[in-house]
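See below for work_18.cif, which holds mmCIF, C-alpha atoms.
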```cif
data_query
loop_
_atom_site.group_PDB
_atom_site.id
_atom_site.type_symbol
_atom_site.label_atom_id
_atom_site.label_comp_id
_atom_site.auth_asym_id
_atom_site.auth_seq_id
_atom_site.Cartn_x
_atom_site.Cartn_y
_atom_site.Cartn_z
ATOM 1 C CA MET A 1193 0.000 0.000 0.000
ATOM 2 C CA SER A 1194 1.359 3.404 -0.933
ATOM 3 C CA HIS A 1195 0.418 7.059 -0.566
ATOM 4 C CA CYS A 1196 1.986 7.393 -4.061
ATOM 5 C CA GLY A 1197 4.761 9.835 -3.424
ATOM 6 C CA TRP A 1198 7.026 9.574 -6.471
ATOM 7 C CA ASN A 1199 9.925 7.950 -4.561
ATOM 8 C CA SER A 1200 7.621 5.236 -3.208
ATOM 9 C CA VAL A 1201 6.219 4.585 -6.669
ATOM 10 C CA LEU A 1202 9.686 4.283 -8.226
ATOM 11 C CA GLU A 1203 11.027 2.048 -5.452
ATOM 12 C CA SER A 1204 8.075 -0.329 -5.688
ATOM 13 C CA LEU A 1205 8.017 -0.580 -9.458
ATOM 14 C CA ALA A 1206 11.808 -0.912 -9.732
ATOM 15 C CA MET A 1207 11.516 -3.989 -7.526
ATOM 16 C CA GLY A 1208 8.527 -5.339 -9.453
ATOM 17 C CA VAL A 1209 6.065 -4.829 -6.598
ATOM 18 C CA PRO A 1210 2.465 -3.916 -7.489
ATOM 19 C CA LEU A 1211 0.894 -1.012 -5.627
ATOM 20 C CA LEU A 1212 -2.333 -0.585 -3.759
ATOM 21 C CA THR A 1213 -2.644 3.165 -4.221
ATOM 22 C CA TRP A 1214 -4.133 5.362 -1.508
ATOM 23 C CA PRO A 1215 -3.060 8.973 -2.089
ATOM 24 C CA MET A 1216 -3.777 11.689 0.416
ATOM 25 C CA LEU A 1217 -6.589 13.821 -0.982
ATOM 26 C CA GLY A 1218 -5.445 17.227 -2.145
ATOM 27 C CA ILE A 1219 -1.770 16.631 -1.328
ATOM 28 C CA SER A 1220 0.830 17.374 -4.033
ATOM 29 C CA GLU A 1221 1.112 14.977 -6.963
ATOM 30 C CA GLN A 1222 -0.006 11.833 -5.148
ATOM 31 C CA ALA A 1223 -3.421 11.503 -6.834
ATOM 32 C CA LEU A 1224 -1.852 12.000 -10.263
ATOM 33 C CA ASN A 1225 0.837 9.409 -9.516
ATOM 34 C CA ALA A 1226 -1.827 6.953 -8.334
ATOM 35 C CA LYS A 1227 -3.802 7.364 -11.562
ATOM 36 C CA PHE A 1228 -0.617 6.934 -13.596
ATOM 37 C CA VAL A 1229 0.281 3.695 -11.784
ATOM 38 C CA VAL A 1230 -3.229 2.250 -12.076
ATOM 39 C CA MET A 1231 -4.532 3.568 -15.400
ATOM 40 C CA GLY A 1232 -1.323 4.393 -17.255
ATOM 41 C CA LEU A 1233 1.030 1.593 -16.263
ATOM 42 C CA GLY A 1234 -1.486 -1.032 -15.157
ATOM 43 C CA ALA A 1235 0.736 -1.866 -12.168
ATOM 44 C CA GLY A 1236 -1.618 -1.246 -9.275
ATOM 45 C CA LEU A 1237 -5.117 -1.057 -7.863
ATOM 46 C CA MET A 1238 -6.703 1.997 -6.275
ATOM 47 C CA VAL A 1239 -8.386 2.329 -2.905
ATOM 48 C CA PRO A 1240 -11.747 3.934 -3.735
ATOM 49 C CA GLN A 1241 -12.009 7.491 -2.435
ATOM 50 C CA ARG A 1242 -15.355 8.506 -3.897
ATOM 51 C CA GLY A 1243 -18.825 7.350 -2.935
ATOM 52 C CA VAL A 1244 -21.580 6.201 -5.302
ATOM 53 C CA GLY A 1245 -22.756 9.808 -5.729
ATOM 54 C CA GLY A 1246 -19.233 11.067 -6.400
ATOM 55 C CA GLU A 1247 -18.732 12.607 -2.963
ATOM 56 C CA LYS A 1248 -15.311 12.358 -1.329
ATOM 57 C CA ILE A 1249 -14.984 9.596 1.245
ATOM 58 C CA LEU A 1250 -13.109 11.046 4.203
ATOM 59 C CA THR A 1251 -12.842 7.757 6.092
ATOM 60 C CA VAL A 1252 -12.078 4.471 4.365
ATOM 61 C CA ASN A 1253 -13.133 1.542 6.520
ATOM 62 C CA ARG A 1254 -11.161 -1.664 7.016
ATOM 63 C CA GLY A 1255 -13.582 -3.657 4.872
ATOM 64 C CA VAL A 1256 -12.641 -1.605 1.811
ATOM 65 C CA ILE A 1257 -8.924 -2.003 2.550
ATOM 66 C CA CYS A 1258 -9.287 -5.759 3.140
ATOM 67 C CA GLU A 1259 -11.214 -6.179 -0.114
ATOM 68 C CA ARG A 1260 -8.565 -4.348 -2.153
ATOM 69 C CA VAL A 1261 -5.676 -6.203 -0.471
ATOM 70 C CA LYS A 1262 -7.357 -9.555 -1.183
ATOM 71 C CA GLU A 1263 -7.894 -8.557 -4.810
ATOM 72 C CA LEU A 1264 -4.286 -7.430 -5.167
ATOM 73 C CA MET A 1265 -2.914 -10.577 -3.536
ATOM 74 C CA GLY A 1266 -5.068 -13.204 -5.231
ATOM 75 C CA GLY A 1267 -7.759 -11.824 -7.499
ATOM 76 C CA GLN A 1268 -7.798 -11.772 -11.295
ATOM 77 C CA LYS A 1269 -7.060 -8.037 -11.481
ATOM 78 C CA GLY A 1270 -4.365 -8.510 -8.863
ATOM 79 C CA ARG A 1271 -2.619 -11.165 -10.941
ATOM 80 C CA LYS A 1272 -2.612 -8.869 -13.967
ATOM 81 C CA VAL A 1273 -1.153 -5.898 -12.098
ATOM 82 C CA LYS A 1274 1.410 -8.150 -10.405
ATOM 83 C CA GLU A 1275 2.585 -9.441 -13.795
ATOM 84 C CA ARG A 1276 2.784 -5.887 -15.134
ATOM 85 C CA ALA A 1277 4.713 -4.652 -12.092
ATOM 86 C CA GLN A 1278 7.169 -7.527 -12.482
ATOM 87 C CA GLU A 1279 7.617 -6.629 -16.168
ATOM 88 C CA LEU A 1280 8.362 -3.029 -15.215
ATOM 89 C CA GLY A 1281 10.814 -4.203 -12.555
ATOM 90 C CA LYS A 1282 12.710 -6.272 -15.128
ATOM 91 C CA MET A 1283 12.827 -3.273 -17.458
ATOM 92 C CA ALA A 1284 14.165 -1.073 -14.651
ATOM 93 C CA ARG A 1285 16.872 -3.582 -13.726
ATOM 94 C CA HIS A 1286 17.876 -3.953 -17.367
ATOM 95 C CA ALA A 1287 18.162 -0.172 -17.714
ATOM 96 C CA VAL A 1288 20.957 -0.065 -15.125
ATOM 97 C CA GLU A 1289 22.826 -3.164 -16.364
ATOM 98 C CA LYS A 1290 25.871 -2.913 -18.585
ATOM 99 C CA GLY A 1291 24.663 -1.747 -21.991
ATOM 100 C CA GLY A 1292 21.304 -0.620 -20.567
ATOM 101 C CA SER A 1293 19.621 2.684 -21.331
ATOM 102 C CA CYS A 1294 21.002 4.393 -18.187
ATOM 103 C CA LYS A 1295 24.541 3.667 -19.339
ATOM 104 C CA LYS A 1296 23.726 4.994 -22.795
ATOM 105 C CA LEU A 1297 22.442 8.199 -21.205
ATOM 106 C CA ASP A 1298 25.682 8.505 -19.219
ATOM 107 C CA GLU A 1299 27.641 8.119 -22.462
ATOM 108 C CA LEU A 1300 25.548 10.805 -24.154
ATOM 109 C CA ILE A 1301 26.073 13.233 -21.263
ATOM 110 C CA GLU A 1302 29.810 12.544 -21.326
ATOM 111 C CA ARG A 1303 29.986 13.189 -25.082
ATOM 112 C CA LEU A 1304 27.965 16.370 -24.840
ATOM 113 C CA SER A 1305 30.074 17.693 -22.002
ATOM 114 C CA ARG A 1306 33.244 17.194 -24.099
ATOM 115 C CA SER A 1307 31.834 18.856 -27.223
ATOM 116 C CA LYS A 1308 32.556 22.479 -28.040
ATOM 117 C CA PRO A 1309 29.748 25.020 -27.673
ATOM 118 C CA LEU A 1310 28.240 26.465 -30.848
#
```

I'd like the structure from this file rewritten - as structure tokens, please.
Amino acid sequence: MSHCGWNSVLESLAMGVPLLTWPMLGISEQALNAKFVVMGLGAGLMVPQRGVGGEKILTVNRGVICERVKELMGGQKGRKVKERAQELGKMARHAVEKGGSCKKLDELIERLSRSKPL
């Protein structure tokens, strides 16, 4: 479970761990990060924060949390997001291996820093 601060999101996904997103309402970029993880990357499930009528839920009861944890740990949606998170984790690890995209970026920065200005 994560409040979806960017560091928490990166740490979880880099290790291939799916997220149960529960951002603080109205706090920084957390809600946007949560939507990105769930809807953009498909690597997490969201704790519902809106009622049937669209009103904000200020208190989320344990039943809601238990339901989402069970879904994440063993449900069909949970299996899909777990697989996706593991895929993203493999991609992240590959990026920092020898010949990975991080190393290529380092090489580009090195080349650019040695080049003469226009």

* Run through the PyMOL selection byres ((chain A and resi 1281-1286) around 10) on the given coordinates and return the selected residues as a ChimeraX atom specification. => /A:1202-1210,1275-1280,1287-1294

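If you look at atom CA of Trp1198 of chain A and atom CA of Asn1225 of chain A, they are 6.9 Å away from each other.
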
* Asked: Which residue gives the smallest distance to Ala1226 of chain A among A:Val1252, A:Val1239, A:Cys1196, A:Leu1300, with all atoms listed in the file counted?
  -> A:Cys1196

Selection: 12 Å around His1195 of chain A, all atoms listed in the file, excl. self and same-chain fewer than 4 positions, as a compact mmCIF listing (two decimals) with C-alpha atoms, keeping the file's coordinate frame:
```txt
# COMPACT_ATOMS: atom_id res chain seq x y z
CA ASN A 1199 9.93 7.95 -4.56
CA SER A 1200 7.62 5.24 -3.21
CA VAL A 1201 6.22 4.58 -6.67
CA SER A 1204 8.07 -0.33 -5.69
CA LEU A 1211 0.89 -1.01 -5.63
CA LEU A 1212 -2.33 -0.58 -3.76
CA THR A 1213 -2.64 3.16 -4.22
CA TRP A 1214 -4.13 5.36 -1.51
CA PRO A 1215 -3.06 8.97 -2.09
CA MET A 1216 -3.78 11.69 0.42
CA LEU A 1217 -6.59 13.82 -0.98
CA GLY A 1218 -5.44 17.23 -2.14
CA ILE A 1219 -1.77 16.63 -1.33
CA SER A 1220 0.83 17.37 -4.03
CA GLU A 1221 1.11 14.98 -6.96
CA GLN A 1222 -0.01 11.83 -5.15
CA ALA A 1223 -3.42 11.50 -6.83
CA LEU A 1224 -1.85 12.00 -10.26
CA ASN A 1225 0.84 9.41 -9.52
CA ALA A 1226 -1.83 6.95 -8.33
CA LYS A 1227 -3.80 7.36 -11.56
CA VAL A 1229 0.28 3.70 -11.78
CA MET A 1238 -6.70 2.00 -6.28
CA VAL A 1239 -8.39 2.33 -2.90
```

* To do: Select, from A:Val1230, A:Met1193, A:Ser1305, A:Thr1251, the residue with the minimum atom-to-atom distance to Lys1269 of chain A, counting all atoms listed in the file.
  => A:Val1230

* To do: Enter the distance from atom CA of Glu1263 of chain A to atom CA of Lys1248 of chain A, in Å, rounded to one decimal.
  =>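 Going from atom CA of Glu1263 of chain A over to atom CA of Lys1248 of chain A, I get 22.5 Å.
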
* Rounded to one decimal in Å, what is the spacing between atom CA of Gln1268 of chain A and atom CA of Arg1254 of chain A? ->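 Separation of atom CA of Gln1268 of chain A and atom CA of Arg1254 of chain A: 21.2 Å.
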
* Asked: What's the 12 Å shell around Asn1253 of chain A, counting all atoms listed in the file, without same-chain residues fewer than 6 positions away, as a PyMOL selection string?
  -> chain A and resi 1239-1241+1259-1260
